[in-house]
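The structure file data.cif is reproduced below (mmCIF, C-alpha atoms).
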```cif
data_structure
loop_
_atom_site.group_PDB
_atom_site.id
_atom_site.type_symbol
_atom_site.label_atom_id
_atom_site.label_comp_id
_atom_site.auth_asym_id
_atom_site.auth_seq_id
_atom_site.Cartn_x
_atom_site.Cartn_y
_atom_site.Cartn_z
ATOM 1 C CA MET A 1 -20.373 7.480 -18.697
ATOM 2 C CA LEU A 2 -18.414 5.195 -16.370
ATOM 3 C CA LEU A 3 -17.896 7.670 -13.552
ATOM 4 C CA HIS A 4 -21.237 9.011 -12.406
ATOM 5 C CA ASN A 5 -21.486 12.267 -10.416
ATOM 6 C CA ARG A 6 -17.767 12.929 -10.786
ATOM 7 C CA ALA A 7 -17.877 16.198 -8.867
ATOM 8 C CA VAL A 8 -18.931 14.504 -5.637
ATOM 9 C CA PHE A 9 -16.144 11.917 -5.570
ATOM 10 C CA THR A 10 -14.096 12.339 -2.431
ATOM 11 C CA LEU A 11 -10.950 10.588 -1.348
ATOM 12 C CA GLY A 12 -11.637 7.999 1.297
ATOM 13 C CA LEU A 13 -10.650 4.692 2.828
ATOM 14 C CA ARG A 14 -13.888 2.842 2.798
ATOM 15 C CA LEU A 15 -15.588 -0.241 1.483
ATOM 16 C CA CYS A 16 -18.425 0.861 -0.751
ATOM 17 C CA SER A 17 -20.591 -0.935 -3.250
ATOM 18 C CA ASN A 18 -19.860 0.044 -6.837
ATOM 19 C CA HIS A 19 -22.442 -2.262 -8.454
ATOM 20 C CA VAL A 20 -19.949 -3.574 -10.990
ATOM 21 C CA ARG A 21 -20.455 -7.032 -12.412
ATOM 22 C CA ARG A 22 -17.872 -9.499 -11.127
ATOM 23 C CA GLY A 23 -15.672 -11.335 -13.549
ATOM 24 C CA LEU A 24 -13.723 -14.424 -12.577
ATOM 25 C CA SER A 25 -13.900 -15.841 -9.093
ATOM 26 C CA ASN A 26 -11.077 -14.781 -6.801
ATOM 27 C CA ASP A 27 -9.452 -18.220 -6.933
ATOM 28 C CA THR A 28 -9.665 -18.302 -10.728
ATOM 29 C CA ALA A 29 -8.240 -14.795 -11.062
ATOM 30 C CA LYS A 30 -5.272 -15.697 -8.881
ATOM 31 C CA HIS A 31 -4.456 -18.679 -11.079
ATOM 32 C CA SER A 32 -5.039 -17.134 -14.522
ATOM 33 C CA SER A 33 -1.503 -15.781 -14.685
ATOM 34 C CA ASP A 34 -0.489 -17.126 -18.084
ATOM 35 C CA MET A 35 2.080 -14.579 -19.226
ATOM 36 C CA SER A 36 2.081 -15.797 -22.824
ATOM 37 C CA GLU A 37 -1.688 -15.281 -23.001
ATOM 38 C CA PHE A 38 -1.350 -11.785 -21.545
ATOM 39 C CA ARG A 39 1.443 -10.997 -23.990
ATOM 40 C CA GLU A 40 -0.804 -11.886 -26.942
ATOM 41 C CA ILE A 41 -3.458 -9.485 -25.643
ATOM 42 C CA PHE A 42 -0.798 -6.835 -25.036
ATOM 43 C CA SER A 43 0.536 -7.179 -28.594
ATOM 44 C CA LYS A 44 -2.871 -6.255 -30.033
ATOM 45 C CA ALA A 45 -3.805 -3.452 -27.611
ATOM 46 C CA LYS A 46 -3.912 0.083 -29.035
ATOM 47 C CA HIS A 47 -4.806 2.097 -25.945
ATOM 48 C CA ILE A 48 -3.390 0.821 -22.651
ATOM 49 C CA ALA A 49 -4.325 2.266 -19.264
ATOM 50 C CA ILE A 50 -1.978 1.525 -16.356
ATOM 51 C CA ILE A 51 -3.399 2.259 -12.900
ATOM 52 C CA THR A 52 -0.650 2.490 -10.284
ATOM 53 C CA GLY A 53 -0.708 2.676 -6.514
ATOM 54 C CA ALA A 54 1.612 3.026 -3.552
ATOM 55 C CA GLY A 55 3.060 -0.455 -3.997
ATOM 56 C CA VAL A 56 4.975 0.743 -7.065
ATOM 57 C CA SER A 57 6.640 3.555 -5.112
ATOM 58 C CA ALA A 58 7.233 1.246 -2.137
ATOM 59 C CA GLU A 59 9.731 -0.662 -4.246
ATOM 60 C CA SER A 60 11.712 2.574 -4.522
ATOM 61 C CA GLY A 61 11.681 2.948 -0.728
ATOM 62 C CA VAL A 62 8.694 5.317 -0.404
ATOM 63 C CA PRO A 63 6.557 4.272 2.614
ATOM 64 C CA THR A 64 2.990 3.247 1.834
ATOM 65 C CA PHE A 65 1.555 4.400 5.208
ATOM 66 C CA ARG A 66 -0.254 1.086 5.417
ATOM 67 C CA GLY A 67 0.356 -1.804 7.801
ATOM 68 C CA ASP A 68 3.705 -1.491 9.584
ATOM 69 C CA HIS A 69 4.194 2.018 8.165
ATOM 70 C CA GLU A 70 0.710 3.265 8.975
ATOM 71 C CA LYS A 71 1.786 5.812 11.564
ATOM 72 C CA TRP A 72 3.924 8.941 11.511
ATOM 73 C CA ARG A 73 4.882 9.659 15.099
ATOM 74 C CA LYS A 74 1.717 8.610 16.935
ATOM 75 C CA TRP A 75 -0.798 9.602 14.251
ATOM 76 C CA LYS A 76 -2.264 7.639 11.370
ATOM 77 C CA SER A 77 -1.752 9.254 7.993
ATOM 78 C CA GLN A 78 -5.498 9.491 7.357
ATOM 79 C CA ASP A 79 -5.827 11.562 10.550
ATOM 80 C CA LEU A 80 -3.172 14.027 9.380
ATOM 81 C CA ALA A 81 -4.097 14.222 5.700
ATOM 82 C CA THR A 82 -7.401 16.026 6.218
ATOM 83 C CA PRO A 83 -8.494 19.643 5.760
ATOM 84 C CA GLU A 84 -9.559 19.711 9.415
ATOM 85 C CA ALA A 85 -6.098 18.648 10.614
ATOM 86 C CA PHE A 86 -4.432 21.244 8.398
ATOM 87 C CA SER A 87 -6.744 23.941 9.742
ATOM 88 C CA ARG A 88 -6.149 22.964 13.379
ATOM 89 C CA THR A 89 -2.431 22.120 13.302
ATOM 90 C CA PRO A 90 -0.838 23.333 10.057
ATOM 91 C CA SER A 91 2.644 23.023 11.561
ATOM 92 C CA ARG A 92 2.204 19.314 12.354
ATOM 93 C CA VAL A 93 0.684 18.558 8.965
ATOM 94 C CA TRP A 94 3.451 20.437 7.185
ATOM 95 C CA GLU A 95 6.069 18.487 9.179
ATOM 96 C CA PHE A 96 4.399 15.256 8.024
ATOM 97 C CA TYR A 97 4.383 16.329 4.380
ATOM 98 C CA HIS A 98 7.876 17.784 4.589
ATOM 99 C CA TYR A 99 9.054 14.350 5.755
ATOM 100 C CA ARG A 100 7.268 12.729 2.806
ATOM 101 C CA ARG A 101 8.606 15.309 0.327
ATOM 102 C CA GLU A 102 12.188 14.873 1.456
ATOM 103 C CA LEU A 103 11.874 11.091 1.215
ATOM 104 C CA ALA A 104 10.398 11.277 -2.263
ATOM 105 C CA LEU A 105 12.972 13.778 -3.489
ATOM 106 C CA ASN A 106 15.735 11.343 -2.566
ATOM 107 C CA LYS A 107 14.260 8.241 -4.214
ATOM 108 C CA LYS A 108 14.789 6.951 -7.733
ATOM 109 C CA PRO A 109 12.427 5.213 -10.153
ATOM 110 C CA ASN A 110 12.566 1.433 -9.990
ATOM 111 C CA ALA A 111 12.298 -1.199 -12.713
ATOM 112 C CA ALA A 112 8.487 -0.942 -12.808
ATOM 113 C CA HIS A 113 8.528 2.838 -13.363
ATOM 114 C CA LEU A 114 11.178 2.461 -16.057
ATOM 115 C CA ALA A 115 9.325 -0.372 -17.816
ATOM 116 C CA ILE A 116 6.154 1.722 -18.016
ATOM 117 C CA ALA A 117 8.008 4.764 -19.375
ATOM 118 C CA GLU A 118 9.924 2.700 -21.934
ATOM 119 C CA CYS A 119 6.727 0.994 -23.062
ATOM 120 C CA GLU A 120 4.958 4.338 -23.518
ATOM 121 C CA ALA A 121 7.795 5.768 -25.617
ATOM 122 C CA ARG A 122 8.099 2.606 -27.720
ATOM 123 C CA LEU A 123 4.396 2.180 -28.422
ATOM 124 C CA TRP A 124 3.975 5.885 -29.234
ATOM 125 C CA LYS A 125 6.226 5.331 -32.269
ATOM 126 C CA GLN A 126 3.812 2.615 -33.370
ATOM 127 C CA GLY A 127 0.723 4.833 -33.091
ATOM 128 C CA ARG A 128 -0.337 3.170 -29.845
ATOM 129 C CA SER A 129 -0.841 4.881 -26.485
ATOM 130 C CA VAL A 130 -0.096 4.280 -22.823
ATOM 131 C CA VAL A 131 -1.581 6.401 -20.043
ATOM 132 C CA VAL A 132 -0.615 6.175 -16.379
ATOM 133 C CA ILE A 133 -3.457 6.825 -13.947
ATOM 134 C CA THR A 134 -1.677 7.065 -10.628
ATOM 135 C CA GLN A 135 -2.664 7.377 -7.002
ATOM 136 C CA CYS A 136 0.982 8.060 -6.091
ATOM 137 C CA ILE A 137 1.815 11.606 -5.036
ATOM 138 C CA ASP A 138 5.572 11.367 -5.625
ATOM 139 C CA ASP A 139 7.268 12.314 -8.887
ATOM 140 C CA LEU A 140 8.777 8.930 -9.795
ATOM 141 C CA HIS A 141 6.722 8.270 -12.932
ATOM 142 C CA HIS A 142 7.848 11.604 -14.373
ATOM 143 C CA GLN A 143 11.441 10.979 -13.310
ATOM 144 C CA ALA A 144 11.317 7.672 -15.153
ATOM 145 C CA GLY A 145 10.229 9.454 -18.328
ATOM 146 C CA SER A 146 6.483 8.849 -18.479
ATOM 147 C CA LYS A 147 4.775 11.686 -20.362
ATOM 148 C CA HIS A 148 1.060 10.886 -20.120
ATOM 149 C CA VAL A 149 0.395 10.765 -16.361
ATOM 150 C CA LEU A 150 -2.929 11.551 -14.664
ATOM 151 C CA ARG A 151 -2.386 12.123 -10.932
ATOM 152 C CA VAL A 152 -5.747 11.580 -9.275
ATOM 153 C CA HIS A 153 -4.496 12.419 -5.770
ATOM 154 C CA GLY A 154 -2.266 15.368 -6.701
ATOM 155 C CA THR A 155 1.470 15.637 -6.081
ATOM 156 C CA LEU A 156 3.881 16.444 -3.281
ATOM 157 C CA MET A 157 5.918 18.469 -5.752
ATOM 158 C CA GLU A 158 3.318 21.214 -6.095
ATOM 159 C CA THR A 159 1.886 23.684 -3.608
ATOM 160 C CA ARG A 160 -1.439 25.487 -3.555
ATOM 161 C CA CYS A 161 -2.159 28.769 -1.804
ATOM 162 C CA VAL A 162 -5.125 28.583 0.546
ATOM 163 C CA SER A 163 -5.774 32.310 -0.046
ATOM 164 C CA CYS A 164 -5.431 32.913 -3.792
ATOM 165 C CA GLY A 165 -5.494 29.315 -5.031
ATOM 166 C CA HIS A 166 -2.284 29.651 -7.057
ATOM 167 C CA VAL A 167 -0.672 26.278 -7.839
ATOM 168 C CA THR A 168 3.017 25.995 -8.612
ATOM 169 C CA VAL A 169 5.682 23.323 -8.970
ATOM 170 C CA ASN A 170 7.841 23.376 -5.861
ATOM 171 C CA LYS A 171 10.781 21.021 -5.401
ATOM 172 C CA ARG A 172 12.760 23.178 -3.001
ATOM 173 C CA SER A 173 14.555 21.255 -0.266
ATOM 174 C CA PRO A 174 13.763 22.216 2.387
ATOM 175 C CA ILE A 175 10.582 23.903 1.222
ATOM 176 C CA CYS A 176 11.201 26.700 3.758
ATOM 177 C CA SER A 177 13.910 27.387 6.353
ATOM 178 C CA SER A 178 11.680 26.706 9.345
ATOM 179 C CA LEU A 179 11.106 23.107 8.185
ATOM 180 C CA LYS A 180 14.801 22.330 7.744
ATOM 181 C CA ASP A 181 15.600 19.083 9.601
ATOM 182 C CA LYS A 182 12.002 18.837 10.813
ATOM 183 C CA GLY A 183 9.497 16.024 10.331
ATOM 184 C CA ALA A 184 11.337 13.096 11.942
ATOM 185 C CA PRO A 185 8.798 10.263 12.229
ATOM 186 C CA GLY A 186 9.777 8.666 15.557
ATOM 187 C CA PRO A 187 6.944 8.099 18.071
ATOM 188 C CA ASP A 188 8.672 10.177 20.749
ATOM 189 C CA VAL A 189 9.498 13.181 18.554
ATOM 190 C CA ALA A 190 7.752 16.355 19.730
ATOM 191 C CA ASP A 191 5.936 18.685 17.329
ATOM 192 C CA ALA A 192 8.047 21.629 16.193
ATOM 193 C CA GLN A 193 5.046 23.969 16.624
ATOM 194 C CA ILE A 194 6.263 26.309 13.903
ATOM 195 C CA PRO A 195 4.387 29.656 13.854
ATOM 196 C CA VAL A 196 1.989 29.768 10.942
ATOM 197 C CA ASP A 197 3.694 32.845 9.448
ATOM 198 C CA LYS A 198 6.928 30.817 9.227
ATOM 199 C CA LEU A 199 5.359 27.979 7.280
ATOM 200 C CA PRO A 200 5.532 27.913 3.439
ATOM 201 C CA ARG A 201 3.972 31.105 2.027
ATOM 202 C CA CYS A 202 2.706 32.192 -1.366
ATOM 203 C CA ASP A 203 5.087 34.140 -3.632
ATOM 204 C CA GLU A 204 2.310 35.799 -5.636
ATOM 205 C CA THR A 205 2.319 39.595 -5.509
ATOM 206 C CA ASP A 206 0.281 41.024 -2.605
ATOM 207 C CA CYS A 207 -0.736 37.577 -1.386
ATOM 208 C CA HIS A 208 1.732 35.864 1.009
ATOM 209 C CA GLY A 209 -0.996 33.357 1.923
ATOM 210 C CA LEU A 210 -0.349 30.018 3.584
ATOM 211 C CA LEU A 211 0.629 27.241 1.195
ATOM 212 C CA ARG A 212 -0.499 23.635 1.451
ATOM 213 C CA PRO A 213 0.653 20.569 -0.461
ATOM 214 C CA ASN A 214 -1.302 20.254 -3.700
ATOM 215 C CA VAL A 215 -2.607 16.831 -2.778
ATOM 216 C CA VAL A 216 -6.124 15.581 -2.194
ATOM 217 C CA PHE A 217 -6.760 15.244 1.530
ATOM 218 C CA PHE A 218 -9.089 12.546 2.815
ATOM 219 C CA GLY A 219 -12.641 13.819 2.547
ATOM 220 C CA GLU A 220 -11.852 16.335 -0.194
ATOM 221 C CA THR A 221 -13.353 16.335 -3.670
ATOM 222 C CA LEU A 222 -11.114 15.034 -6.429
ATOM 223 C CA ASP A 223 -10.218 17.373 -9.291
ATOM 224 C CA SER A 224 -13.120 17.167 -11.753
ATOM 225 C CA HIS A 225 -10.831 18.018 -14.687
ATOM 226 C CA ILE A 226 -8.571 15.068 -13.880
ATOM 227 C CA LEU A 227 -11.586 12.784 -13.419
ATOM 228 C CA THR A 228 -12.934 13.831 -16.828
ATOM 229 C CA LYS A 229 -9.637 12.777 -18.407
ATOM 230 C CA VAL A 230 -9.636 9.530 -16.421
ATOM 231 C CA GLU A 231 -13.160 8.796 -17.582
ATOM 232 C CA LYS A 232 -12.150 9.275 -21.214
ATOM 233 C CA GLU A 233 -9.229 6.869 -20.811
ATOM 234 C CA MET A 234 -11.456 4.320 -19.066
ATOM 235 C CA GLU A 235 -13.948 4.461 -21.929
ATOM 236 C CA THR A 236 -11.377 4.078 -24.718
ATOM 237 C CA CYS A 237 -8.702 1.725 -23.367
ATOM 238 C CA ASP A 238 -8.621 -1.825 -24.719
ATOM 239 C CA LEU A 239 -6.260 -3.174 -22.042
ATOM 240 C CA CYS A 240 -5.804 -2.180 -18.403
ATOM 241 C CA LEU A 241 -3.081 -2.996 -15.888
ATOM 242 C CA VAL A 242 -3.673 -2.449 -12.170
ATOM 243 C CA VAL A 243 -0.250 -2.241 -10.556
ATOM 244 C CA GLY A 244 0.749 -2.080 -6.894
ATOM 245 C CA THR A 245 -2.538 -0.798 -5.521
ATOM 246 C CA SER A 246 -4.376 -2.115 -2.464
ATOM 247 C CA SER A 247 -7.734 -1.302 -4.133
ATOM 248 C CA ILE A 248 -9.188 0.060 -0.891
ATOM 249 C CA VAL A 249 -8.918 3.811 -1.516
ATOM 250 C CA TYR A 250 -11.927 5.202 -3.357
ATOM 251 C CA PRO A 251 -12.797 6.245 -5.967
ATOM 252 C CA ALA A 252 -9.628 4.891 -7.633
ATOM 253 C CA ALA A 253 -10.365 1.392 -6.315
ATOM 254 C CA MET A 254 -13.260 1.081 -8.748
ATOM 255 C CA PHE A 255 -11.431 2.217 -11.893
ATOM 256 C CA GLY A 256 -10.195 -1.288 -12.754
ATOM 257 C CA PRO A 257 -13.525 -3.039 -12.096
ATOM 258 C CA GLN A 258 -15.366 -0.383 -14.119
ATOM 259 C CA ILE A 259 -13.075 -1.036 -17.078
ATOM 260 C CA ALA A 260 -13.498 -4.797 -16.624
ATOM 261 C CA SER A 261 -17.280 -4.336 -16.764
ATOM 262 C CA ARG A 262 -16.887 -3.321 -20.427
ATOM 263 C CA GLY A 263 -15.323 -6.712 -21.174
ATOM 264 C CA VAL A 264 -11.826 -5.224 -21.425
ATOM 265 C CA PRO A 265 -8.972 -7.463 -20.197
ATOM 266 C CA VAL A 266 -7.600 -6.218 -16.870
ATOM 267 C CA ALA A 267 -4.391 -7.618 -15.390
ATOM 268 C CA GLU A 268 -3.436 -7.104 -11.746
ATOM 269 C CA PHE A 269 0.219 -6.975 -10.694
ATOM 270 C CA ASN A 270 0.703 -7.075 -6.933
ATOM 271 C CA THR A 271 2.479 -8.856 -4.107
ATOM 272 C CA GLY A 272 -0.847 -10.267 -2.959
ATOM 273 C CA SER A 273 -4.479 -10.450 -3.971
ATOM 274 C CA THR A 274 -6.775 -7.504 -3.229
ATOM 275 C CA PRO A 275 -10.515 -6.989 -2.686
ATOM 276 C CA LYS A 276 -10.814 -6.373 -6.434
ATOM 277 C CA SER A 277 -8.770 -9.327 -7.747
ATOM 278 C CA GLU A 278 -11.928 -11.277 -8.532
ATOM 279 C CA TYR A 279 -12.947 -8.711 -11.156
ATOM 280 C CA PHE A 280 -9.840 -9.128 -13.290
ATOM 281 C CA THR A 281 -8.875 -11.546 -16.038
ATOM 282 C CA HIS A 282 -5.197 -11.923 -15.111
ATOM 283 C CA TYR A 283 -3.215 -11.833 -11.891
ATOM 284 C CA PHE A 284 0.575 -11.747 -11.553
ATOM 285 C CA GLN A 285 1.926 -12.091 -8.046
ATOM 286 C CA GLY A 286 5.268 -10.684 -6.994
ATOM 287 C CA PRO A 287 7.168 -7.391 -6.816
ATOM 288 C CA CYS A 288 6.102 -5.069 -9.630
ATOM 289 C CA GLY A 289 9.717 -4.441 -10.535
ATOM 290 C CA THR A 290 10.034 -8.159 -11.286
ATOM 291 C CA THR A 291 6.681 -8.982 -12.899
ATOM 292 C CA LEU A 292 6.010 -5.839 -14.936
ATOM 293 C CA PRO A 293 9.133 -5.498 -17.150
ATOM 294 C CA PRO A 294 8.626 -8.841 -18.959
ATOM 295 C CA ALA A 295 4.913 -8.081 -19.340
ATOM 296 C CA LEU A 296 5.606 -4.761 -21.083
ATOM 297 C CA ALA A 297 8.736 -5.718 -23.003
ATOM 298 C CA ARG A 298 8.874 -5.529 -26.799
ATOM 299 C CA HIS A 299 6.674 -8.214 -28.338
ATOM 300 C CA GLU A 300 8.005 -10.245 -31.262
ATOM 301 C CA SER A 301 5.237 -8.798 -33.450
ATOM 302 C CA GLU A 302 6.392 -5.196 -32.942
ATOM 303 C CA VAL A 303 8.014 -3.735 -36.041
ATOM 304 C CA PHE A 304 9.935 -0.875 -34.372
#
```

Starting from the coordinates I provided, produce the structure as C-alpha cells.
Amino acid sequence: MLLHNRAVFTLGLRLCSNHVRRGLSNDTAKHSSDMSEFREIFSKAKHIAIITGAGVSAESGVPTFRGDHEKWRKWKSQDLATPEAFSRTPSRVWEFYHYRRELALNKKPNAAHLAIAECEARLWKQGRSVVVITQCIDDLHHQAGSKHVLRVHGTLMETRCVSCGHVTVNKRSPICSSLKDKGAPGPDVADAQIPVDKLPRCDETDCHGLLRPNVVFFGETLDSHILTKVEKEMETCDLCLVVGTSSIVYPAAMFGPQIASRGVPVAEFNTGSTPKSEYFTHYFQGPCGTTLPPALARHESEVF
C-alpha cells in the first residue's frame, strides 16, 4: 500500500517528510532530458499515469493563484478556500469561486490537454491505458476528451449541498442571479455581501440547503474513494509523467516520488524544477504545451 492512512489525508500547502528514497540528484535530474530515451520507455509502457497540476491549466489562461496571481482582492486563495472561511463569509467565498468558475467556463484546452486525450484514445486501441490524476479543478481535461480522469481536489463544475450532501454537475453561468457580474478580483473591489438565502441553493425536494463548490478546501479530508483509485493506479503504472505541478500541495506532491520509489520511470514536465525534481528519472523544461505533445506522439513501433 503506497498511500498509508488514506482517510486522514488533508489538502495543505506544507513541506512534510514523506520518507521516500531519493533517485537522481537534482542537477542530474535536470539534465537527464533525453527525449529519445524517454520515447523508448514510453513505447513499452502499458499503464501510464499522468499527474497534472495548475501549470497545465495556466497555459489555457486559468490563474494558478501562486506568485503574482496569489491574491484575489486582498486575500490569499488559501485563506478563502477553507471550511472556516465559507462558514464565516459564504458570500465572499462564493464570489471568489464564481470568479474562478466563470474564468474556467470560458477557457479552452491547450496543446497539453489535447495531447494527453489523444494519447489515451490511441493507446486504448492498443490495449494500453492512460489515467490522468489531476489537481486541477477546472473541466479542461474532460473538454479535451480525456475519459479516465481522477480529480483529487474535486471540480468547480459540481456543487454539494451542505445540508443533504447531494452532489450534482452544475455549469450554469451565472450559477445564480445574485452572483451575476460579481467576483471581480481587483484589490479595491468591495464584497457584495449577498444574503445567504440568495446564494446558490439545493434543488432537491424539501431541502433548499446552501450549496458549496464540490472542491476540497484546505484542511479538508480528500475523498477516500478517489484516493483508493489513485492508489491502485500508483501501484500498477509502469510509467509516470508529472506535468505542470509545483509539487508543494500535499498529498498530491508525493504521488510522483512514491511511484519513483518502486523503480518506475517518472518524467517531470515543467517550466522550472520543483522540490521533487530530484526524485525523477527525466526532466523536460518548458511550457507543457510545447514539451508534452512530442513526448506522447505516436511512436514508430505503434501498429495502429

Q) Which neighbours of A:Ala121 fall inside 9 Å, counting only C-alpha atoms, when residues of the same chain fewer than 4 positions from it are skipped, and could you give them as a PyMOL selection string? A) chain A and resi 116-117+125+129-130+145-147

* Apply the PyMOL selection byres ((chain A and resi 112) around 6) to the displayed file and report the matching residues as a list in words. => Asn110, Ala111, His113, Leu114, Ala115, Cys288, Gly289 and Leu292 of chain A

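Nearest to A:Leu199 of all the residues A:Phe284, A:Phe65, A:Phe38, A:Trp94 is A:Trp94, counting all atoms listed in the file.
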
Considering all atoms listed in the file, tabulate each residue of stretch 107-171 of chain A that lies at most 8 Å from stretch 40-53 of chain A along with its nearest interatomic pair and the corresponding distance in Å to one decimal; arrange the rows by chain and ascending residue number and present them as JSON lines.
```
{"residue": "A:Gly127", "atom": "CA", "partner": "A:Lys46", "partner_atom": "CA", "distance": 7.8}
{"residue": "A:Arg128", "atom": "CA", "partner": "A:Lys46", "partner_atom": "CA", "distance": 4.8}
{"residue": "A:Ser129", "atom": "CA", "partner": "A:His47", "partner_atom": "CA", "distance": 4.9}
{"residue": "A:Val130", "atom": "CA", "partner": "A:Ile48", "partner_atom": "CA", "distance": 4.8}
{"residue": "A:Val131", "atom": "CA", "partner": "A:Ala49", "partner_atom": "CA", "distance": 5.0}
{"residue": "A:Val132", "atom": "CA", "partner": "A:Ile50", "partner_atom": "CA", "distance": 4.8}
{"residue": "A:Ile133", "atom": "CA", "partner": "A:Ile51", "partner_atom": "CA", "distance": 4.7}
{"residue": "A:Thr134", "atom": "CA", "partner": "A:Thr52", "partner_atom": "CA", "distance": 4.7}
{"residue": "A:Gln135", "atom": "CA", "partner": "A:Gly53", "partner_atom": "CA", "distance": 5.1}
{"residue": "A:Cys136", "atom": "CA", "partner": "A:Gly53", "partner_atom": "CA", "distance": 5.7}
```

Contact residues around A:Glu300 with only C-alpha atoms at 10 Å, ignoring same-chain residues under 2 positions, as a PyMOL selection string
chain A and resi 39-40+43+297-298+302-303

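If all atoms listed in the file are the atoms counted, then among A:Asn106, A:Gln143, A:Ser261, A:Thr82 the closest residue to A:Glu220 is A:Thr82.
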
Check: What lies within 10 Å of A:Thr291 using only C-alpha atoms, ignoring chain neighbours under 5 positions off, as an MDAnalysis selection string?
Finding: chainID A and resid 35 111:112 243 269:271 284:286 296

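Atom CA of A:Gly165 is found 11.9 Å from atom CA of A:Arg201.
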
Practice prompt. Do a neighbour search on A:Val167 at 10 Å with all atoms listed in the file, toss out local chain neighbours closer than 5 positions, and write the hits as a PyMOL selection string.
Written response: chain A and resi 158-162+202+211-214
